[in-house]
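Listing of coords_25.pdb; format and content: PDB, N, CA and C atoms.
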ATOM      1  N   MET A   1     -29.106 -81.077  24.177
ATOM      2  CA  MET A   1     -28.859 -81.429  22.806
ATOM      3  C   MET A   1     -28.750 -80.148  21.996
ATOM      4  N   PHE A   2     -27.899 -80.181  20.987
ATOM      5  CA  PHE A   2     -27.756 -79.044  20.099
ATOM      6  C   PHE A   2     -27.389 -79.547  18.714
ATOM      7  N   GLU A   3     -27.540 -78.666  17.753
ATOM      8  CA  GLU A   3     -27.238 -78.996  16.365
ATOM      9  C   GLU A   3     -26.170 -78.036  15.857
ATOM     10  N   THR A   4     -25.184 -78.583  15.156
ATOM     11  CA  THR A   4     -24.096 -77.773  14.636
ATOM     12  C   THR A   4     -23.984 -77.963  13.134
ATOM     13  N   GLY A   5     -23.788 -76.881  12.414
ATOM     14  CA  GLY A   5     -23.531 -76.937  10.979
ATOM     15  C   GLY A   5     -22.259 -76.175  10.684
ATOM     16  N   VAL A   6     -21.390 -76.777   9.863
ATOM     17  CA  VAL A   6     -20.113 -76.152   9.519
ATOM     18  C   VAL A   6     -19.864 -76.351   8.030
ATOM     19  N   ARG A   7     -19.396 -75.312   7.353
ATOM     20  CA  ARG A   7     -19.006 -75.454   5.954
ATOM     21  C   ARG A   7     -17.488 -75.501   5.892
ATOM     22  N   TYR A   8     -16.965 -76.667   5.469
ATOM     23  CA  TYR A   8     -15.527 -76.890   5.336
ATOM     24  C   TYR A   8     -15.122 -76.895   3.872
ATOM     25  N   PHE A   9     -13.897 -76.454   3.611
ATOM     26  CA  PHE A   9     -13.300 -76.566   2.297
ATOM     27  C   PHE A   9     -12.338 -77.743   2.308
ATOM     28  N   THR A  10     -11.894 -78.188   1.152
ATOM     29  CA  THR A  10     -11.014 -79.362   1.073
ATOM     30  C   THR A  10      -9.691 -79.153   1.795
ATOM     31  N   ASN A  11      -9.301 -77.896   2.033
ATOM     32  CA  ASN A  11      -8.054 -77.629   2.753
ATOM     33  C   ASN A  11      -8.252 -77.633   4.274
ATOM     34  N   GLY A  12      -9.476 -77.950   4.739
ATOM     35  CA  GLY A  12      -9.739 -78.042   6.172
ATOM     36  C   GLY A  12     -10.199 -76.756   6.820
ATOM     37  N   VAL A  13     -10.276 -75.674   6.065
ATOM     38  CA  VAL A  13     -10.704 -74.391   6.605
ATOM     39  C   VAL A  13     -12.228 -74.328   6.602
ATOM     40  N   ALA A  14     -12.794 -73.888   7.714
ATOM     41  CA  ALA A  14     -14.243 -73.676   7.816
ATOM     42  C   ALA A  14     -14.502 -72.179   7.799
ATOM     43  N   ASP A  15     -15.435 -71.748   6.957
ATOM     44  CA  ASP A  15     -15.716 -70.310   6.893
ATOM     45  C   ASP A  15     -17.075 -69.948   7.471
ATOM     46  N   GLN A  16     -17.906 -70.933   7.753
ATOM     47  CA  GLN A  16     -19.209 -70.669   8.358
ATOM     48  C   GLN A  16     -19.500 -71.730   9.418
ATOM     49  N   VAL A  17     -19.975 -71.282  10.582
ATOM     50  CA  VAL A  17     -20.347 -72.181  11.676
ATOM     51  C   VAL A  17     -21.698 -71.726  12.213
ATOM     52  N   ASP A  18     -22.591 -72.667  12.430
ATOM     53  CA  ASP A  18     -23.907 -72.358  12.975
ATOM     54  C   ASP A  18     -24.204 -73.372  14.082
ATOM     55  N   MET A  19     -24.505 -72.895  15.287
ATOM     56  CA  MET A  19     -24.807 -73.769  16.417
ATOM     57  C   MET A  19     -26.180 -73.408  16.971
ATOM     58  N   ASP A  20     -27.091 -74.367  16.963
ATOM     59  CA  ASP A  20     -28.463 -74.155  17.426
ATOM     60  C   ASP A  20     -28.660 -74.920  18.730
ATOM     61  N   PHE A  21     -28.849 -74.190  19.825
ATOM     62  CA  PHE A  21     -29.015 -74.793  21.143
ATOM     63  C   PHE A  21     -30.480 -74.853  21.570
ATOM     64  N   GLY A  22     -31.405 -74.579  20.647
ATOM     65  CA  GLY A  22     -32.828 -74.625  20.972
ATOM     66  C   GLY A  22     -33.333 -73.283  21.454
ATOM     67  N   GLN A  23     -32.847 -72.831  22.613
ATOM     68  CA  GLN A  23     -33.293 -71.545  23.152
ATOM     69  C   GLN A  23     -32.530 -70.365  22.562
ATOM     70  N   PHE A  24     -31.354 -70.630  21.999
ATOM     71  CA  PHE A  24     -30.590 -69.585  21.328
ATOM     72  C   PHE A  24     -29.724 -70.213  20.250
ATOM     73  N   ARG A  25     -29.262 -69.362  19.352
ATOM     74  CA  ARG A  25     -28.467 -69.819  18.215
ATOM     75  C   ARG A  25     -27.261 -68.900  18.056
ATOM     76  N   MET A  26     -26.119 -69.486  17.706
ATOM     77  CA  MET A  26     -24.910 -68.699  17.448
ATOM     78  C   MET A  26     -24.438 -68.996  16.036
ATOM     79  N   SER A  27     -23.997 -67.957  15.352
ATOM     80  CA  SER A  27     -23.452 -68.108  14.008
ATOM     81  C   SER A  27     -22.106 -67.413  13.951
ATOM     82  N   GLY A  28     -21.200 -67.977  13.171
ATOM     83  CA  GLY A  28     -19.895 -67.369  12.985
ATOM     84  C   GLY A  28     -19.500 -67.396  11.522
ATOM     85  N   THR A  29     -18.804 -66.351  11.098
ATOM     86  CA  THR A  29     -18.321 -66.251   9.731
ATOM     87  C   THR A  29     -16.840 -65.884   9.762
ATOM     88  N   LEU A  30     -16.040 -66.592   8.987
ATOM     89  CA  LEU A  30     -14.616 -66.309   8.897
ATOM     90  C   LEU A  30     -14.417 -64.927   8.295
ATOM     91  N   ARG A  31     -13.674 -64.086   8.983
ATOM     92  CA  ARG A  31     -13.444 -62.719   8.509
ATOM     93  C   ARG A  31     -12.035 -62.516   7.984
ATOM     94  N   GLU A  32     -11.099 -63.333   8.434
ATOM     95  CA  GLU A  32      -9.709 -63.185   7.998
ATOM     96  C   GLU A  32      -9.076 -64.562   7.929
ATOM     97  N   PHE A  33      -8.244 -64.769   6.938
ATOM     98  CA  PHE A  33      -7.553 -66.048   6.765
ATOM     99  C   PHE A  33      -6.108 -65.749   6.410
ATOM    100  N   ARG A  34      -5.199 -66.107   7.317
ATOM    101  CA  ARG A  34      -3.772 -65.893   7.077
ATOM    102  C   ARG A  34      -3.045 -67.212   7.232
ATOM    103  N   LEU A  35      -2.249 -67.585   6.251
ATOM    104  CA  LEU A  35      -1.415 -68.771   6.366
ATOM    105  C   LEU A  35      -0.161 -68.406   7.143
ATOM    106  N   LEU A  36       0.170 -69.232   8.099
ATOM    107  CA  LEU A  36       1.392 -69.025   8.867
ATOM    108  C   LEU A  36       2.507 -69.814   8.215
ATOM    109  N   PRO A  37       3.755 -69.388   8.381
ATOM    110  CA  PRO A  37       4.866 -70.138   7.799
ATOM    111  C   PRO A  37       4.940 -71.533   8.417
ATOM    112  N   VAL A  38       5.303 -72.503   7.602
ATOM    113  CA  VAL A  38       5.461 -73.875   8.081
ATOM    114  C   VAL A  38       6.844 -73.997   8.708
ATOM    115  N   PRO A  39       6.916 -74.402   9.990
ATOM    116  CA  PRO A  39       8.224 -74.568  10.629
ATOM    117  C   PRO A  39       9.050 -75.635   9.901
ATOM    118  N   ASP A  40      10.358 -75.469   9.894
ATOM    119  CA  ASP A  40      11.250 -76.411   9.219
ATOM    120  C   ASP A  40      11.140 -77.826   9.762
ATOM    121  N   HIS A  41      10.782 -77.973  11.029
ATOM    122  CA  HIS A  41      10.730 -79.297  11.635
ATOM    123  C   HIS A  41       9.408 -80.024  11.379
ATOM    124  N   CYS A  42       8.460 -79.398  10.678
ATOM    125  CA  CYS A  42       7.168 -80.023  10.394
ATOM    126  C   CYS A  42       7.145 -80.541   8.960
ATOM    127  N   PRO A  43       6.703 -81.786   8.763
ATOM    128  CA  PRO A  43       6.599 -82.298   7.402
ATOM    129  C   PRO A  43       5.455 -81.611   6.658
ATOM    130  N   VAL A  44       5.607 -81.446   5.375
ATOM    131  CA  VAL A  44       4.575 -80.832   4.547
ATOM    132  C   VAL A  44       3.680 -81.946   4.018
ATOM    133  N   PRO A  45       2.353 -81.887   4.268
ATOM    134  CA  PRO A  45       1.449 -82.934   3.785
ATOM    135  C   PRO A  45       1.527 -83.101   2.274
ATOM    136  N   GLY A  46       1.566 -84.327   1.824
ATOM    137  CA  GLY A  46       1.571 -84.612   0.396
ATOM    138  C   GLY A  46       2.881 -84.305  -0.293
ATOM    139  N   GLY A  47       3.882 -83.881   0.471
ATOM    140  CA  GLY A  47       5.178 -83.579  -0.116
ATOM    141  C   GLY A  47       5.174 -82.338  -0.997
ATOM    142  N   ALA A  48       4.080 -81.573  -0.978
ATOM    143  CA  ALA A  48       3.989 -80.375  -1.803
ATOM    144  C   ALA A  48       4.767 -79.237  -1.154
ATOM    145  N   PRO A  49       5.368 -78.376  -1.946
ATOM    146  CA  PRO A  49       6.070 -77.234  -1.369
ATOM    147  C   PRO A  49       5.087 -76.229  -0.783
ATOM    148  N   GLY A  50       5.545 -75.450   0.152
ATOM    149  CA  GLY A  50       4.700 -74.394   0.710
ATOM    150  C   GLY A  50       3.855 -74.869   1.862
ATOM    151  N   HIS A  51       2.552 -74.736   1.755
ATOM    152  CA  HIS A  51       1.635 -74.980   2.874
ATOM    153  C   HIS A  51       0.727 -76.165   2.618
ATOM    154  N   GLY A  52       1.265 -77.277   2.200
ATOM    155  CA  GLY A  52       0.427 -78.450   2.011
ATOM    156  C   GLY A  52      -0.572 -78.299   0.876
ATOM    157  N   GLY A  53      -0.201 -77.530  -0.151
ATOM    158  CA  GLY A  53      -1.080 -77.374  -1.292
ATOM    159  C   GLY A  53      -2.053 -76.213  -1.181
ATOM    160  N   VAL A  54      -2.050 -75.492  -0.058
ATOM    161  CA  VAL A  54      -2.929 -74.345   0.100
ATOM    162  C   VAL A  54      -2.158 -73.113  -0.333
ATOM    163  N   SER A  55      -2.677 -72.374  -1.260
ATOM    164  CA  SER A  55      -1.990 -71.214  -1.791
ATOM    165  C   SER A  55      -2.620 -69.935  -1.271
ATOM    166  N   PRO A  56      -1.827 -68.973  -0.792
ATOM    167  CA  PRO A  56      -2.401 -67.703  -0.344
ATOM    168  C   PRO A  56      -3.176 -67.006  -1.451
ATOM    169  N   SER A  57      -2.844 -67.290  -2.713
ATOM    170  CA  SER A  57      -3.569 -66.664  -3.803
ATOM    171  C   SER A  57      -4.889 -67.392  -4.114
ATOM    172  N   HIS A  58      -5.126 -68.514  -3.441
ATOM    173  CA  HIS A  58      -6.364 -69.273  -3.641
ATOM    174  C   HIS A  58      -7.021 -69.603  -2.304
ATOM    175  N   PRO A  59      -7.459 -68.572  -1.519
ATOM    176  CA  PRO A  59      -8.130 -68.848  -0.244
ATOM    177  C   PRO A  59      -9.515 -69.436  -0.499
ATOM    178  N   PRO A  60     -10.197 -69.920   0.550
ATOM    179  CA  PRO A  60     -11.541 -70.465   0.382
ATOM    180  C   PRO A  60     -12.458 -69.463  -0.314
ATOM    181  N   ALA A  61     -13.339 -69.973  -1.149
ATOM    182  CA  ALA A  61     -14.274 -69.104  -1.884
ATOM    183  C   ALA A  61     -15.370 -68.591  -0.981
TER     184      ALA A  61
END
What would the structure in this file look like if it were written as structure tokens?
Amino acid sequence: MFETGVRYFTNGVADQVDMDFGQFRMSGTLREFRLLPVPDHCPVPGGAPGHGGVSPSHPPA
């Protein structure tokens, strides 16, 4: 058994992960966030232009 904690933002990005396995614990922190271009053949969620409403000028806090 183990316990996991994750902090997610509304855009689906997680910047902190903590996994407790009892005898040891692992933690992770997001160090870099880059939006990749959306391929032409993929629909954009919500019909918004760009990256589904996620703006490179507004990354997770």
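Coordinates place atom C of Phe2 in chain A at a distance of 9.7 Å from atom C of Phe24 in chain A.
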Explicit residues for the PyMOL selection byres ((chain A and resi 19) around 8) (as a ChimeraX atom specification): /A:2-6,16-18,20-22,24-28
Matched chain/residue IDs from the PyMOL selection byres (((chain A and resi 14 and name CA) around 12) and name CA), as a list in words: Gly5, Val6, Arg7, Tyr8, Phe9, Thr10, Asn11, Gly12, Val13, Asp15, Gln16, Val17, Asp18, Gly28, Thr29, Leu30, Arg31, Glu32, Phe33, Pro59, Pro60 and Ala61 of chain A
